[in-house]
$ cat structure_8.txt   # compact mmCIF, C-alpha atoms
# COMPACT_ATOMS: atom_id res chain seq x y z
CA MET S 1 -67.60 53.69 262.44
CA ALA S 2 -65.46 53.63 259.29
CA SER S 3 -61.78 52.78 259.73
CA LYS S 4 -59.18 54.68 257.71
CA LEU S 5 -56.75 51.81 257.11
CA GLU S 6 -54.93 52.19 253.80
CA HIS S 7 -53.53 48.67 253.36
CA GLU S 8 -54.42 45.11 254.28
CA ILE S 9 -52.39 43.35 256.96
CA HIS S 10 -51.38 39.75 256.21
CA PHE S 11 -49.95 36.97 258.36
CA ASN S 12 -46.91 35.06 257.11
CA LYS S 13 -45.83 31.77 258.71
CA HIS S 14 -42.17 30.67 258.48
CA ASP S 15 -41.87 26.90 258.98
CA ASP S 16 -38.08 26.76 258.67
CA GLN S 17 -37.20 29.55 261.08
CA SER S 18 -36.25 29.66 264.78
CA SER S 19 -38.89 29.92 267.48
CA ASP S 20 -38.61 33.73 267.52
CA ASP S 21 -39.09 34.04 263.77
CA LYS S 22 -41.83 31.55 263.00
CA TRP S 23 -44.15 34.27 261.75
CA SER S 24 -44.27 37.88 260.62
CA LEU S 25 -46.72 40.44 259.28
CA TYR S 26 -46.69 42.35 256.03
CA GLU S 27 -48.81 44.99 254.30
CA VAL S 28 -50.51 44.64 250.93
CA ASN S 29 -51.79 47.45 248.70
CA GLU S 30 -55.00 47.52 246.64
CA ALA S 31 -53.27 45.71 243.77
CA GLY S 32 -52.38 42.79 246.04
CA VAL S 33 -48.67 43.63 246.07
CA GLN S 34 -46.64 43.50 249.29
CA ILE S 35 -45.40 46.87 250.53
CA GLY S 36 -41.90 46.80 251.96
CA ALA S 37 -40.34 44.04 254.04
CA ASP S 38 -41.90 41.82 256.69
CA TRP S 39 -42.58 43.23 260.15
CA LYS S 40 -41.47 41.14 263.12
CA PRO S 41 -42.17 41.54 266.86
CA TRP S 42 -40.06 44.30 268.41
CA LYS S 43 -38.88 43.71 271.98
CA PHE S 44 -37.14 46.96 272.86
CA SER S 45 -38.35 50.14 274.58
CA LEU S 46 -40.04 53.39 273.60
CA SER S 47 -39.54 56.62 275.53
CA PHE S 48 -41.81 59.63 275.85
CA SER S 49 -41.66 63.02 277.52
CA ALA S 50 -44.70 64.75 278.99
CA ILE S 51 -45.89 67.97 277.37
CA ASP S 52 -48.53 69.30 279.79
CA LEU S 53 -48.65 67.29 283.00
CA GLN S 54 -51.95 67.92 284.80
CA LEU S 55 -53.71 66.84 287.96
CA VAL S 56 -57.43 66.42 287.23
CA GLU S 57 -59.79 66.23 290.21
CA ASP S 58 -63.53 65.63 289.93
CA LEU S 59 -66.55 65.78 292.21
CA ASN S 60 -69.53 63.93 290.76
CA THR S 61 -72.57 61.85 291.52
CA GLU S 62 -72.50 58.15 290.83
CA SER S 63 -73.38 57.20 287.29
CA MET S 64 -76.98 56.29 286.79
CA PHE S 65 -79.20 55.60 283.82
CA ILE S 66 -82.48 57.47 283.83
CA PHE S 67 -85.18 55.66 281.91
CA SER S 68 -88.07 57.79 283.08
CA PHE S 69 -88.55 60.64 285.50
CA GLU S 70 -91.91 59.07 286.42
CA ASP S 71 -90.18 55.92 287.65
CA GLU S 72 -91.02 55.45 291.33
CA ASN S 73 -87.54 54.02 292.01
CA PHE S 74 -85.79 57.09 290.62
CA GLU S 75 -83.93 59.11 293.28
CA LEU S 76 -81.32 61.84 293.00
CA ASN S 77 -78.05 60.86 294.63
CA PRO S 78 -77.35 63.55 297.28
CA GLU S 79 -73.65 62.71 297.74
CA LEU S 80 -70.71 63.62 295.57
CA SER S 81 -67.80 61.23 295.16
CA GLU S 82 -64.21 62.34 294.59
CA SER S 83 -62.02 61.09 291.76
CA SER S 84 -58.57 62.06 290.63
CA LYS S 85 -56.17 61.27 287.82
CA ILE S 86 -52.91 62.56 286.41
CA PHE S 87 -52.97 63.22 282.69
CA SER S 88 -50.55 64.40 280.04
CA MET S 89 -50.04 64.46 276.34
CA LEU S 90 -46.78 62.78 275.36
CA GLN S 91 -44.22 63.18 272.63
CA LEU S 92 -41.74 60.56 271.48
CA SER S 93 -38.24 60.96 272.91
CA ASP S 94 -34.82 59.80 271.70
CA SER S 95 -33.89 58.59 275.21
CA ASN S 96 -32.77 54.97 275.57
CA ARG S 97 -32.39 54.46 271.81
CA MET S 98 -30.47 51.18 271.42
CA ASP S 99 -28.86 52.47 268.22
CA PHE S 100 -27.94 55.81 269.88
CA SER S 101 -29.85 57.70 267.21
CA PRO S 102 -30.35 61.40 268.02
CA HIS S 103 -33.93 61.23 266.76
CA PRO S 104 -36.96 59.34 268.09
CA PRO S 105 -38.39 56.57 265.88
CA ASN S 106 -41.38 57.08 263.66
CA VAL S 107 -44.40 55.16 264.97
CA SER S 108 -47.44 54.27 262.86
CA PHE S 109 -50.18 51.66 262.81
CA LEU S 110 -49.90 48.63 260.56
CA GLY S 111 -52.05 49.25 257.51
CA THR S 112 -51.27 52.98 257.37
CA SER S 113 -48.42 55.26 256.40
CA ARG S 114 -49.49 57.99 258.83
CA SER S 115 -47.23 58.90 261.75
CA ILE S 116 -49.00 58.75 265.10
CA LYS S 117 -48.99 62.19 266.73
CA ASP S 118 -51.49 61.64 269.55
CA PHE S 119 -49.86 59.94 272.55
CA ARG S 120 -51.23 60.36 276.07
CA ILE S 121 -50.96 58.91 279.56
CA HIS S 122 -53.47 58.47 282.39
CA ILE S 123 -52.22 57.69 285.92
CA HIS S 124 -54.61 56.56 288.66
CA ALA S 125 -54.23 55.80 292.36
CA ALA S 126 -54.69 52.09 293.07
CA SER S 127 -57.66 51.34 295.32
CA LYS S 128 -55.86 48.44 297.03
CA GLY S 129 -52.75 50.39 297.91
CA LYS S 130 -50.41 48.48 295.62
CA ASP S 131 -49.29 49.13 292.06
CA GLY S 132 -51.99 47.94 289.68
CA PHE S 133 -52.48 47.56 285.96
CA ARG S 134 -50.17 48.79 283.20
CA ILE S 135 -52.06 48.88 279.91
CA ILE S 136 -51.39 50.41 276.51
CA ARG S 137 -54.19 50.86 273.98
CA GLY S 138 -54.33 52.17 270.45
CA LEU S 139 -56.89 52.96 267.83
CA PRO S 140 -56.34 53.78 264.15
CA SER S 141 -58.08 56.81 262.73
CA TYR S 142 -61.79 56.39 262.03
CA GLU S 143 -64.83 58.40 261.04
CA ILE S 144 -68.29 58.47 262.60
CA SER S 145 -71.19 59.69 260.49
CA HIS S 146 -74.11 61.56 262.07
CA GLY S 147 -76.17 61.90 258.93
CA LEU S 148 -75.54 62.60 255.28
CA GLU S 149 -73.31 65.62 255.79
CA ASP S 150 -72.30 65.53 259.45
CA HIS S 151 -69.34 63.35 260.41
CA GLU S 152 -66.71 63.22 263.14
CA ASP S 153 -63.05 62.35 262.57
CA HIS S 154 -60.84 60.69 265.18
CA GLU S 155 -57.08 60.69 264.65
CA ASP S 156 -54.66 57.81 265.25
CA ASN S 157 -53.92 57.66 268.95
CA ILE S 158 -52.17 55.58 271.62
CA GLU S 159 -52.95 55.76 275.34
CA ILE S 160 -50.94 54.49 278.31
CA ASP S 161 -53.11 53.73 281.33
CA ILE S 162 -51.41 52.82 284.61
CA GLU S 163 -52.33 52.45 288.27
CA ILE S 164 -49.79 53.16 291.01
CA ALA S 165 -49.83 52.85 294.80
CA LYS S 166 -51.57 55.63 296.71
CA ASP S 167 -48.41 56.95 298.38
CA LYS S 168 -46.60 57.22 295.03
CA TYR S 169 -49.64 58.88 293.49
CA ALA S 170 -49.91 61.38 296.35
CA LYS S 171 -46.23 62.31 296.03
CA LEU S 172 -46.53 62.85 292.28
CA ALA S 173 -49.74 64.86 292.69
CA ARG S 174 -48.01 67.08 295.28
CA GLN S 175 -45.08 67.71 292.93
CA ILE S 176 -47.52 68.76 290.22
CA THR S 177 -49.44 71.17 292.47
CA GLU S 178 -46.19 72.63 293.83
CA LYS S 179 -44.93 73.09 290.27
CA THR S 180 -41.51 71.62 291.02
CA ILE S 181 -41.35 69.19 288.08
CA SER S 182 -39.03 70.22 285.25
CA SER S 183 -39.09 66.92 283.33
CA PHE S 184 -41.40 63.89 283.27
CA GLU S 185 -40.28 60.92 281.16
CA VAL S 186 -42.01 57.60 280.54
CA THR S 187 -40.27 54.51 279.12
CA ILE S 188 -42.15 51.33 278.24
CA GLY S 189 -40.60 48.00 277.26
CA ALA S 190 -41.48 44.35 276.68
CA VAL S 191 -44.69 45.48 274.98
CA LYS S 192 -46.43 43.04 272.66
CA GLY S 193 -47.96 44.60 269.59
CA LEU S 194 -44.89 46.57 268.45
CA TYR S 195 -43.18 45.55 265.20
CA ALA S 196 -40.04 46.50 263.29
CA GLN S 197 -38.00 45.30 260.34
CA PRO S 198 -34.81 43.32 261.14
CA PHE S 199 -31.93 45.57 262.29
CA ILE S 200 -33.96 48.72 261.58
CA HIS S 201 -35.28 50.62 264.58
CA ASP S 202 -36.23 53.98 263.06
CA GLU S 203 -39.68 52.77 261.96
CA ILE S 204 -42.02 51.06 264.43
CA LYS S 205 -45.40 49.59 263.51
CA VAL S 206 -48.27 48.96 265.92
CA LEU S 207 -51.03 46.34 265.91
CA CYS S 208 -54.05 47.13 268.10
CA SER S 209 -56.37 44.82 269.94
CA ASN S 210 -59.31 46.39 268.14
CA ASN S 211 -61.42 44.13 265.89
CA ASP S 212 -61.13 46.65 263.07
CA HIS S 213 -57.38 46.04 262.95
CA LYS S 214 -57.77 42.68 261.25
CA VAL S 215 -54.94 40.41 260.15
CA ILE S 216 -55.69 38.22 257.14
CA GLY S 217 -54.52 34.61 257.35
CA SER S 218 -53.87 34.45 261.09
CA ASN S 219 -56.95 32.30 261.79
CA ASN S 220 -55.41 29.37 259.93
CA SER S 221 -52.26 29.31 262.06
CA ASP S 222 -51.29 28.03 265.47
CA PHE S 223 -49.74 31.43 266.20
CA CYS S 224 -51.64 34.59 267.03
CA PRO S 225 -50.08 37.95 266.15
CA TYR S 226 -49.25 40.08 269.16
CA ARG S 227 -51.54 43.03 269.84
CA LEU S 228 -51.28 45.98 272.21
CA MET S 229 -52.35 45.17 275.74
CA ASP S 230 -49.98 44.94 278.70
CA ILE S 231 -46.80 46.89 279.45
CA GLY S 232 -44.12 44.47 280.62
CA GLU S 233 -41.57 47.05 281.77
CA LEU S 234 -42.28 50.59 282.90
CA ARG S 235 -40.06 53.42 284.07
CA ILE S 236 -41.20 56.89 285.07
CA ARG S 237 -38.47 59.44 285.65
CA VAL S 238 -39.43 62.68 287.39
CA ILE S 239 -36.87 65.47 287.51
CA THR S 240 -37.66 68.21 290.00
CA LYS S 241 -36.20 71.68 289.74
CA GLY S 242 -34.34 73.36 292.59
CA ASN S 243 -33.90 77.05 293.37
CA LEU S 244 -30.40 78.00 292.24
CA ALA S 245 -30.94 81.75 292.65
CA ALA S 246 -28.41 83.78 294.66
CA SER S 247 -29.07 84.46 298.33
CA GLU S 248 -31.05 87.59 299.13
CA SER S 249 -28.15 88.87 301.29
CA VAL S 250 -25.53 88.58 298.55
CA ARG S 251 -26.52 89.58 295.04
CA SER S 252 -24.38 90.54 292.06
CA SER S 253 -25.90 94.01 292.09
CA ASP S 254 -24.91 94.41 295.76
CA ILE S 255 -21.29 93.53 295.02
CA GLN S 256 -21.13 95.93 292.07
CA ASN S 257 -22.62 98.73 294.17
CA ALA S 258 -20.02 98.00 296.85
CA PHE S 259 -17.17 98.84 294.48
CA ASP S 260 -18.94 102.00 293.35
CA ASP S 261 -19.52 103.21 296.92
CA ASP S 262 -16.47 104.82 298.62
CA THR S 263 -17.96 104.38 302.08
CA PHE S 264 -18.65 100.65 301.61
CA GLN S 265 -17.25 98.21 304.17
CA TRP S 266 -17.06 94.49 303.35
CA ASP S 267 -18.73 93.41 306.57
CA GLU S 268 -21.93 95.24 305.59
CA LEU S 269 -23.01 92.10 303.74
CA ASP S 270 -24.55 89.37 305.83
CA GLY S 271 -21.72 87.26 307.22
CA GLY S 272 -19.04 89.44 305.54
CA LEU S 273 -16.99 88.54 302.53
CA PHE S 274 -13.48 89.18 303.86
CA GLY S 275 -13.82 91.30 307.00
CA ILE S 276 -12.18 94.56 308.08
CA GLU S 277 -8.88 92.99 309.22
CA SER S 278 -8.51 91.17 305.90
CA LEU S 279 -9.15 94.43 304.07
CA ARG S 280 -6.43 96.23 306.05
CA THR S 281 -3.95 93.44 305.37
CA THR S 282 -4.79 93.54 301.66
CA ASN S 283 -4.33 97.33 301.54
CA ALA S 284 -0.91 97.01 303.25
CA LEU S 285 0.24 94.45 300.71
CA ILE S 286 -0.93 96.62 297.82
CA ALA S 287 1.01 99.62 299.25
CA LYS S 288 4.18 97.51 299.55
CA VAL S 289 3.88 96.32 295.94
CA VAL S 290 3.46 99.91 294.73
CA SER S 291 6.52 101.00 296.75
CA ASN S 292 8.64 98.21 295.23
CA GLN S 293 7.52 99.21 291.75
CA GLN S 294 8.67 102.80 292.40
CA GLU S 295 12.10 101.57 293.57
CA LEU S 296 12.43 99.52 290.39
CA LEU S 297 11.61 102.55 288.28
CA LYS S 298 14.48 104.46 289.94
CA LEU S 299 16.90 101.73 288.85
CA LYS S 300 15.83 101.89 285.20
CA LEU S 301 18.15 104.80 284.17
CA PRO S 302 21.39 103.52 285.81
CA LEU S 303 20.69 100.08 284.43
CA TRP S 304 20.37 101.32 280.85
CA ILE S 305 23.59 103.41 281.18
CA GLY S 306 25.49 100.33 282.36
CA VAL S 307 24.15 98.22 279.47
CA SER S 308 25.16 100.91 276.92
CA ALA S 309 28.73 101.16 278.32
CA LEU S 310 29.12 97.38 278.19
CA CYS S 311 28.06 97.32 274.51
CA LEU S 312 30.66 100.03 273.61
CA LEU S 313 33.40 98.06 275.40
CA LEU S 314 32.57 94.89 273.46
CA ILE S 315 32.68 96.79 270.16
CA LYS S 316 36.15 98.13 270.91
CA LEU S 317 37.43 94.70 271.86
CA TRP S 318 36.25 93.16 268.58
CA ALA S 319 37.70 96.08 266.61

$ encode --input "structure_8.txt" --output "structure tokens"
Amino acid sequence: MASKLEHEIHFNKHDDQSSDDKWSLYEVNEAGVQIGADWKPWKFSLSFSAIDLQLVEDLNTESMFIFSFEDENFELNPELSESSKIFSMLQLSDSNRMDFSPHPPNVSFLGTSRSIKDFRIHIHAASKGKDGFRIIRGLPSYEISHGLEDHEDHEDNIEIDIEIAKDKYAKLARQITEKTISSFEVTIGAVKGLYAQPFIHDEIKVLCSNNDHKVIGSNNSDFCPYRLMDIGELRIRVITKGNLAASESVRSSDIQNAFDDDTFQWDELDGGLFGIESLRTTNALIAKVVSNQQELLKLKLPLWIGVSALCLLLIKLWA
């Protein structure tokens, strides 16, 4: 397996700094020159949103290694065991950004300049009934050769693997099968193995627990650089969608058709909108308003004659 790291990762000890800044990491290119500033442990949170939340259920026989079909101890397992997990690909979200940036941070592994695009989550039901492990793993891109010309590439990826109580798992699985989830967000915090430059939170670097992600100079120090392992803080937010559609008995098309139909009565709709008595009262009020308007129109001509006579009188007085 050949790793695709582009730069070396070096450990830097700071003897004159506070307890939180006694060491940092930095990257070095092929010429031995440091690239950028030092990277220090990052203690804040990252948020993700699920892209394709799935419930995966399996029926399978127990794993067994077959050394020989002639082995007298070899027996086919007649029973199938059930297993289930919830899986989704994730994408970085701008939720909970401490700097209120409208964009999610760029995340990459130390030793590379590549942005990590492959994030995923696996959720399992705890066998003991209580919430279990919360683990985050990562692996920089690598290549596996299967001969002179055949090789297999694996991209940079990070996986979140958690175990939750059976009742919580069953509820989430039911929401998935009923297709009521409109948003699924995951926020992780207090995660060792994340690094950033001081006061800059748009670029996050990751150090894995893999042996291929080596840090030069850390063996000669009392401090060990933090690597991905446990998730200290975890929040899963599930937003379910409700049916906001109009009632079957009252639809916009029904109301429009009511106005177009001369024989329509309001109480034909379930429960009625205003009722017959209200309609009669409304019609009476409309008739009264129309009558008053007609009386006002009759007064228009005498009113204008009076105004004209008053104007002529004022003119004569001033003359």

$ residues_around --input "structure_8.txt" --residues "His10 in chain S" --least-positions-apart "6" --cutoff "9 Å" --atoms "only C-alpha atoms" --output "number ranges by chain"
S: 24-28, 214-218

$ residues_around --input "structure_8.txt" --residues "Ile158 in chain S" --least-positions-apart "4" --cutoff "7 Å" --atoms "all atoms listed in the file" --output "PyMOL selection string"
chain S and resi 118-120+137-139

$ residues_around --input "structure_8.txt" --residues "Glu233 in chain S" --least-positions-apart "2" --cutoff "6 Å" --atoms "all atoms listed in the file" --output "PyMOL selection string"
chain S and resi 188-190+231

$ atom_distance --input "structure_8.txt" --atom1 "CA of Ser84 in chain S" --atom2 "CA of Glu163 in chain S"
11.7 Å

$ residues_around --input "structure_8.txt" --residues "Met229 in chain S" --least-positions-apart "6" --cutoff "8 Å" --atoms "all atoms listed in the file" --output "list in words"
Ile135, Ile136, Arg137, Val191, Lys192, Gly193 and Ser209 of chain S

$ atom_distance --input "structure_8.txt" --atom1 "CA of Ile86 in chain S" --atom2 "CA of His213 in chain S"
29.0 Å

$ closest_residue --input "structure_8.txt" --among "S:Ser88, S:Ser113, S:Ser183, S:Thr177" --to "Thr240 in chain S" --atoms "only C-alpha atoms"
S:Ser183

$ residues_around --input "structure_8.txt" --residues "Gln197 in chain S" --least-positions-apart "6" --cutoff "12 Å" --atoms "all atoms listed in the file" --output "PyMOL selection string"
chain S and resi 21+24-26+36-43+203-205
